[in-house]
Amino acid sequence: MFEFRYTTDNKTLYRTAIHFFVFVAIATALFILVDGSYILAWFISIVIAVIALMALSIPRSVVLDEQGVDICCISDYTHIPYNEIAAIRSVETKELKFMVPIFAASGFFGYYGNFLDIKAMDFVKIYAAKWDNFIEITDIYEDKYYISCDNREELIERVLDYVSLKPENDE
């Protein structure tokens, strides 16, 4: 069993801090402008719920065991069996510039969730602590998973040890 832990970069930490600052600024403005209203309580409740949901979905590690690739989050778990992996390849960051978050976090504690690839008009899943060092895993159902990993060559090599695949050319 091999485990690859996610590491966060400064850009993600800054974006998370900016999100918190915006939430506090809006709550402060509501407190000042809407005195004694229920709107502030609703806003704070919704923000706390969103932060809790996002925090529970933060990717923590990628684990390779005998059965497949496991993407572990605090409350989410994605398992991709080796016999369902059709392709795996390294992806440059510029290839992901047309990704639009649909039901996802884009810089708030990381980048994870369901994204729309505008170029291919396809939904993909991204699990990243930082927007760099991506690996694309395509399964036999043509679902695409993008994982960030500091040591992506080793991860690809270890997955290829379990399955009889040839890596696609990086173009």
# chains A, B, ... in the order shown; residues from 1 in each chain; ligands from 1
$ select_by_dssp --residues "chain A" --states "strand (DSSP E)" --output "number ranges by chain"
A: 2-5, 59-64, 68-73, 77-81, 85-91, 99-106, 111-117, 122-128, 134-139, 144-148
$ write_last_selection --atoms "C-alpha atoms" --output "PDB file, in the first residue's frame"
ATOM      1  CA  PHE A   2       1.287   3.436  -0.975  1.00  0.00           C
ATOM      2  CA  GLU A   3       0.003   6.764   0.272  1.00  0.00           C
ATOM      3  CA  PHE A   4       0.496  10.144  -1.388  1.00  0.00           C
ATOM      4  CA  ARG A   5      -0.487  13.055   0.873  1.00  0.00           C
ATOM      5  CA  PRO A  59      -8.846  15.936  -0.198  1.00  0.00           C
ATOM      6  CA  ARG A  60      -6.300  14.466   2.218  1.00  0.00           C
ATOM      7  CA  SER A  61      -4.479  11.662   0.407  1.00  0.00           C
ATOM      8  CA  VAL A  62      -4.366   9.239  -2.499  1.00  0.00           C
ATOM      9  CA  VAL A  63      -3.893   5.647  -1.424  1.00  0.00           C
ATOM     10  CA  LEU A  64      -2.897   2.800  -3.741  1.00  0.00           C
ATOM     11  CA  GLY A  68      -7.451   0.276  -6.714  1.00  0.00           C
ATOM     12  CA  VAL A  69      -6.837   3.976  -6.299  1.00  0.00           C
ATOM     13  CA  ASP A  70      -8.508   5.528  -3.261  1.00  0.00           C
ATOM     14  CA  ILE A  71      -8.960   9.288  -3.011  1.00  0.00           C
ATOM     15  CA  CYS A  72      -9.535  10.041   0.654  1.00  0.00           C
ATOM     16  CA  CYS A  73     -11.216  13.156   1.970  1.00  0.00           C
ATOM     17  CA  TYR A  77     -14.118   8.546  -0.390  1.00  0.00           C
ATOM     18  CA  THR A  78     -13.636   7.766  -4.075  1.00  0.00           C
ATOM     19  CA  HIS A  79     -12.486   4.326  -5.151  1.00  0.00           C
ATOM     20  CA  ILE A  80     -11.305   3.590  -8.698  1.00  0.00           C
ATOM     21  CA  PRO A  81     -10.614  -0.138  -9.195  1.00  0.00           C
ATOM     22  CA  ILE A  85      -8.816   2.341 -15.285  1.00  0.00           C
ATOM     23  CA  ALA A  86      -8.645   2.891 -19.040  1.00  0.00           C
ATOM     24  CA  ALA A  87      -5.895   5.530 -19.092  1.00  0.00           C
ATOM     25  CA  ILE A  88      -3.647   7.504 -16.796  1.00  0.00           C
ATOM     26  CA  ARG A  89      -1.437  10.403 -17.764  1.00  0.00           C
ATOM     27  CA  SER A  90       0.317  13.479 -16.494  1.00  0.00           C
ATOM     28  CA  VAL A  91      -1.479  16.749 -17.301  1.00  0.00           C
ATOM     29  CA  MET A  99     -12.515  24.119 -16.096  1.00  0.00           C
ATOM     30  CA  VAL A 100     -15.524  25.834 -14.510  1.00  0.00           C
ATOM     31  CA  PRO A 101     -16.621  24.838 -11.001  1.00  0.00           C
ATOM     32  CA  ILE A 102     -20.211  23.575 -10.981  1.00  0.00           C
ATOM     33  CA  PHE A 103     -20.583  21.990  -7.555  1.00  0.00           C
ATOM     34  CA  ALA A 104     -17.056  22.523  -6.364  1.00  0.00           C
ATOM     35  CA  ALA A 105     -14.578  24.534  -4.342  1.00  0.00           C
ATOM     36  CA  SER A 106     -12.249  26.654  -6.389  1.00  0.00           C
ATOM     37  CA  TYR A 111      -9.859  22.628  -5.590  1.00  0.00           C
ATOM     38  CA  TYR A 112     -12.274  19.734  -5.446  1.00  0.00           C
ATOM     39  CA  GLY A 113     -15.663  18.669  -6.667  1.00  0.00           C
ATOM     40  CA  ASN A 114     -17.457  18.544 -10.004  1.00  0.00           C
ATOM     41  CA  PHE A 115     -16.156  20.826 -12.726  1.00  0.00           C
ATOM     42  CA  LEU A 116     -17.340  21.431 -16.288  1.00  0.00           C
ATOM     43  CA  ASP A 117     -14.666  21.142 -18.950  1.00  0.00           C
ATOM     44  CA  ASP A 122     -17.855  17.149 -20.172  1.00  0.00           C
ATOM     45  CA  PHE A 123     -18.148  16.918 -16.401  1.00  0.00           C
ATOM     46  CA  VAL A 124     -14.993  15.910 -14.536  1.00  0.00           C
ATOM     47  CA  LYS A 125     -14.012  15.445 -10.901  1.00  0.00           C
ATOM     48  CA  ILE A 126     -11.033  17.275  -9.487  1.00  0.00           C
ATOM     49  CA  TYR A 127      -9.273  16.477  -6.217  1.00  0.00           C
ATOM     50  CA  ALA A 128      -6.452  18.966  -5.645  1.00  0.00           C
ATOM     51  CA  PHE A 134      -2.127  17.027 -12.173  1.00  0.00           C
ATOM     52  CA  ILE A 135      -2.758  13.435 -13.151  1.00  0.00           C
ATOM     53  CA  GLU A 136      -5.738  12.467 -15.291  1.00  0.00           C
ATOM     54  CA  ILE A 137      -7.330   9.096 -14.658  1.00  0.00           C
ATOM     55  CA  THR A 138      -9.943   7.984 -17.174  1.00  0.00           C
ATOM     56  CA  ASP A 139     -12.031   4.954 -16.325  1.00  0.00           C
ATOM     57  CA  LYS A 144     -12.313  11.651 -15.766  1.00  0.00           C
ATOM     58  CA  TYR A 145     -10.642  12.291 -12.436  1.00  0.00           C
ATOM     59  CA  TYR A 146      -7.933  14.917 -12.001  1.00  0.00           C
ATOM     60  CA  ILE A 147      -5.676  14.469  -8.992  1.00  0.00           C
ATOM     61  CA  SER A 148      -2.869  16.753  -7.891  1.00  0.00           C
TER      62      SER A 148
END
$ residues_around --residues "region 18-35 of chain A" --least-positions-apart "5" --cutoff "7 Å" --atoms "only C-alpha atoms" --output "list in words"
Leu40, Ile44 and Phe108 of chain A
$ residues_around --residues "region 53-57 of chain A" --least-positions-apart "4" --cutoff "7 Å" --atoms "only C-alpha atoms" --output "PyMOL selection string"
chain A and resi 49+73-76
$ atom_distance --atom1 "CA of Lys97 (chain A)" --atom2 "CA of Asp143 (chain A)"
18.7 Å
$ select_by_dssp --residues "chain A" --states "alpha helix (DSSP H)" --output "number ranges by chain"
A: 10-33, 38-56, 152-162
$ decode --residues "region 76-100 of chain A" --atoms "N, CA, C and O atoms" --output "PDB file, in the first residue's frame"
ATOM      1  N   ASP A  76     -15.498  12.152   2.378  1.00  0.00           N
ATOM      2  CA  ASP A  76     -15.747  11.621   1.047  1.00  0.00           C
ATOM      3  C   ASP A  76     -14.661  10.609   0.720  1.00  0.00           C
ATOM      4  O   ASP A  76     -13.517  10.738   1.152  1.00  0.00           O
ATOM      5  N   TYR A  77     -15.048   9.607  -0.042  1.00  0.00           N
ATOM      6  CA  TYR A  77     -14.118   8.546  -0.390  1.00  0.00           C
ATOM      7  C   TYR A  77     -14.436   8.112  -1.810  1.00  0.00           C
ATOM      8  O   TYR A  77     -15.570   7.751  -2.119  1.00  0.00           O
ATOM      9  N   THR A  78     -13.457   8.186  -2.689  1.00  0.00           N
ATOM     10  CA  THR A  78     -13.636   7.766  -4.075  1.00  0.00           C
ATOM     11  C   THR A  78     -12.703   6.599  -4.345  1.00  0.00           C
ATOM     12  O   THR A  78     -11.504   6.686  -4.075  1.00  0.00           O
ATOM     13  N   HIS A  79     -13.265   5.528  -4.860  1.00  0.00           N
ATOM     14  CA  HIS A  79     -12.486   4.326  -5.151  1.00  0.00           C
ATOM     15  C   HIS A  79     -12.548   4.063  -6.653  1.00  0.00           C
ATOM     16  O   HIS A  79     -13.634   3.994  -7.228  1.00  0.00           O
ATOM     17  N   ILE A  80     -11.395   3.931  -7.278  1.00  0.00           N
ATOM     18  CA  ILE A  80     -11.305   3.590  -8.698  1.00  0.00           C
ATOM     19  C   ILE A  80     -10.562   2.257  -8.793  1.00  0.00           C
ATOM     20  O   ILE A  80      -9.346   2.211  -8.604  1.00  0.00           O
ATOM     21  N   PRO A  81     -11.284   1.169  -9.080  1.00  0.00           N
ATOM     22  CA  PRO A  81     -10.614  -0.138  -9.195  1.00  0.00           C
ATOM     23  C   PRO A  81      -9.632  -0.152 -10.365  1.00  0.00           C
ATOM     24  O   PRO A  81      -9.868   0.480 -11.393  1.00  0.00           O
ATOM     25  N   TYR A  82      -8.544  -0.869 -10.206  1.00  0.00           N
ATOM     26  CA  TYR A  82      -7.529  -0.942 -11.264  1.00  0.00           C
ATOM     27  C   TYR A  82      -8.096  -1.502 -12.565  1.00  0.00           C
ATOM     28  O   TYR A  82      -7.737  -1.053 -13.644  1.00  0.00           O
ATOM     29  N   ASN A  83      -9.013  -2.468 -12.463  1.00  0.00           N
ATOM     30  CA  ASN A  83      -9.554  -3.064 -13.684  1.00  0.00           C
ATOM     31  C   ASN A  83     -10.515  -2.127 -14.420  1.00  0.00           C
ATOM     32  O   ASN A  83     -10.948  -2.441 -15.522  1.00  0.00           O
ATOM     33  N   GLU A  84     -10.851  -0.985 -13.821  1.00  0.00           N
ATOM     34  CA  GLU A  84     -11.717  -0.006 -14.482  1.00  0.00           C
ATOM     35  C   GLU A  84     -10.939   1.208 -14.993  1.00  0.00           C
ATOM     36  O   GLU A  84     -11.528   2.120 -15.553  1.00  0.00           O
ATOM     37  N   ILE A  85      -9.625   1.220 -14.803  1.00  0.00           N
ATOM     38  CA  ILE A  85      -8.816   2.341 -15.285  1.00  0.00           C
ATOM     39  C   ILE A  85      -8.468   2.093 -16.749  1.00  0.00           C
ATOM     40  O   ILE A  85      -7.831   1.107 -17.096  1.00  0.00           O
ATOM     41  N   ALA A  86      -8.917   3.017 -17.607  1.00  0.00           N
ATOM     42  CA  ALA A  86      -8.645   2.891 -19.040  1.00  0.00           C
ATOM     43  C   ALA A  86      -7.371   3.628 -19.434  1.00  0.00           C
ATOM     44  O   ALA A  86      -6.668   3.208 -20.343  1.00  0.00           O
ATOM     45  N   ALA A  87      -7.083   4.741 -18.758  1.00  0.00           N
ATOM     46  CA  ALA A  87      -5.895   5.530 -19.092  1.00  0.00           C
ATOM     47  C   ALA A  87      -5.483   6.359 -17.886  1.00  0.00           C
ATOM     48  O   ALA A  87      -6.309   6.742 -17.062  1.00  0.00           O
ATOM     49  N   ILE A  88      -4.194   6.618 -17.826  1.00  0.00           N
ATOM     50  CA  ILE A  88      -3.647   7.504 -16.796  1.00  0.00           C
ATOM     51  C   ILE A  88      -2.515   8.289 -17.438  1.00  0.00           C
ATOM     52  O   ILE A  88      -1.720   7.727 -18.196  1.00  0.00           O
ATOM     53  N   ARG A  89      -2.495   9.588 -17.168  1.00  0.00           N
ATOM     54  CA  ARG A  89      -1.437  10.403 -17.764  1.00  0.00           C
ATOM     55  C   ARG A  89      -1.207  11.649 -16.930  1.00  0.00           C
ATOM     56  O   ARG A  89      -2.060  12.085 -16.160  1.00  0.00           O
ATOM     57  N   SER A  90      -0.044  12.215 -17.120  1.00  0.00           N
ATOM     58  CA  SER A  90       0.317  13.479 -16.494  1.00  0.00           C
ATOM     59  C   SER A  90      -0.296  14.614 -17.312  1.00  0.00           C
ATOM     60  O   SER A  90      -0.331  14.560 -18.532  1.00  0.00           O
ATOM     61  N   VAL A  91      -0.800  15.641 -16.634  1.00  0.00           N
ATOM     62  CA  VAL A  91      -1.479  16.749 -17.301  1.00  0.00           C
ATOM     63  C   VAL A  91      -0.844  18.064 -16.860  1.00  0.00           C
ATOM     64  O   VAL A  91      -0.586  18.275 -15.677  1.00  0.00           O
ATOM     65  N   GLU A  92      -0.594  18.915 -17.823  1.00  0.00           N
ATOM     66  CA  GLU A  92      -0.072  20.243 -17.513  1.00  0.00           C
ATOM     67  C   GLU A  92      -1.219  21.154 -17.062  1.00  0.00           C
ATOM     68  O   GLU A  92      -2.362  20.997 -17.495  1.00  0.00           O
ATOM     69  N   THR A  93      -0.904  22.111 -16.232  1.00  0.00           N
ATOM     70  CA  THR A  93      -1.903  23.015 -15.671  1.00  0.00           C
ATOM     71  C   THR A  93      -2.650  23.794 -16.745  1.00  0.00           C
ATOM     72  O   THR A  93      -3.850  24.017 -16.629  1.00  0.00           O
ATOM     73  N   LYS A  94      -1.983  24.159 -17.818  1.00  0.00           N
ATOM     74  CA  LYS A  94      -2.625  24.947 -18.874  1.00  0.00           C
ATOM     75  C   LYS A  94      -3.752  24.184 -19.569  1.00  0.00           C
ATOM     76  O   LYS A  94      -4.645  24.797 -20.136  1.00  0.00           O
ATOM     77  N   GLU A  95      -3.726  22.858 -19.520  1.00  0.00           N
ATOM     78  CA  GLU A  95      -4.804  22.068 -20.106  1.00  0.00           C
ATOM     79  C   GLU A  95      -6.105  22.189 -19.312  1.00  0.00           C
ATOM     80  O   GLU A  95      -7.177  21.874 -19.816  1.00  0.00           O
ATOM     81  N   LEU A  96      -6.017  22.646 -18.076  1.00  0.00           N
ATOM     82  CA  LEU A  96      -7.186  22.738 -17.204  1.00  0.00           C
ATOM     83  C   LEU A  96      -7.729  24.159 -17.088  1.00  0.00           C
ATOM     84  O   LEU A  96      -8.545  24.436 -16.217  1.00  0.00           O
ATOM     85  N   LYS A  97      -7.301  25.050 -17.974  1.00  0.00           N
ATOM     86  CA  LYS A  97      -7.738  26.441 -17.840  1.00  0.00           C
ATOM     87  C   LYS A  97      -9.194  26.651 -18.226  1.00  0.00           C
ATOM     88  O   LYS A  97      -9.762  27.682 -17.909  1.00  0.00           O
ATOM     89  N   PHE A  98      -9.822  25.688 -18.876  1.00  0.00           N
ATOM     90  CA  PHE A  98     -11.226  25.809 -19.260  1.00  0.00           C
ATOM     91  C   PHE A  98     -12.157  25.071 -18.308  1.00  0.00           C
ATOM     92  O   PHE A  98     -13.287  24.765 -18.665  1.00  0.00           O
ATOM     93  N   MET A  99     -11.692  24.794 -17.097  1.00  0.00           N
ATOM     94  CA  MET A  99     -12.515  24.119 -16.096  1.00  0.00           C
ATOM     95  C   MET A  99     -13.322  25.153 -15.315  1.00  0.00           C
ATOM     96  O   MET A  99     -12.777  26.126 -14.803  1.00  0.00           O
ATOM     97  N   VAL A 100     -14.620  24.923 -15.229  1.00  0.00           N
ATOM     98  CA  VAL A 100     -15.524  25.834 -14.510  1.00  0.00           C
ATOM     99  C   VAL A 100     -16.139  25.052 -13.350  1.00  0.00           C
ATOM    100  O   VAL A 100     -16.726  23.988 -13.569  1.00  0.00           O
TER     101      VAL A 100
END
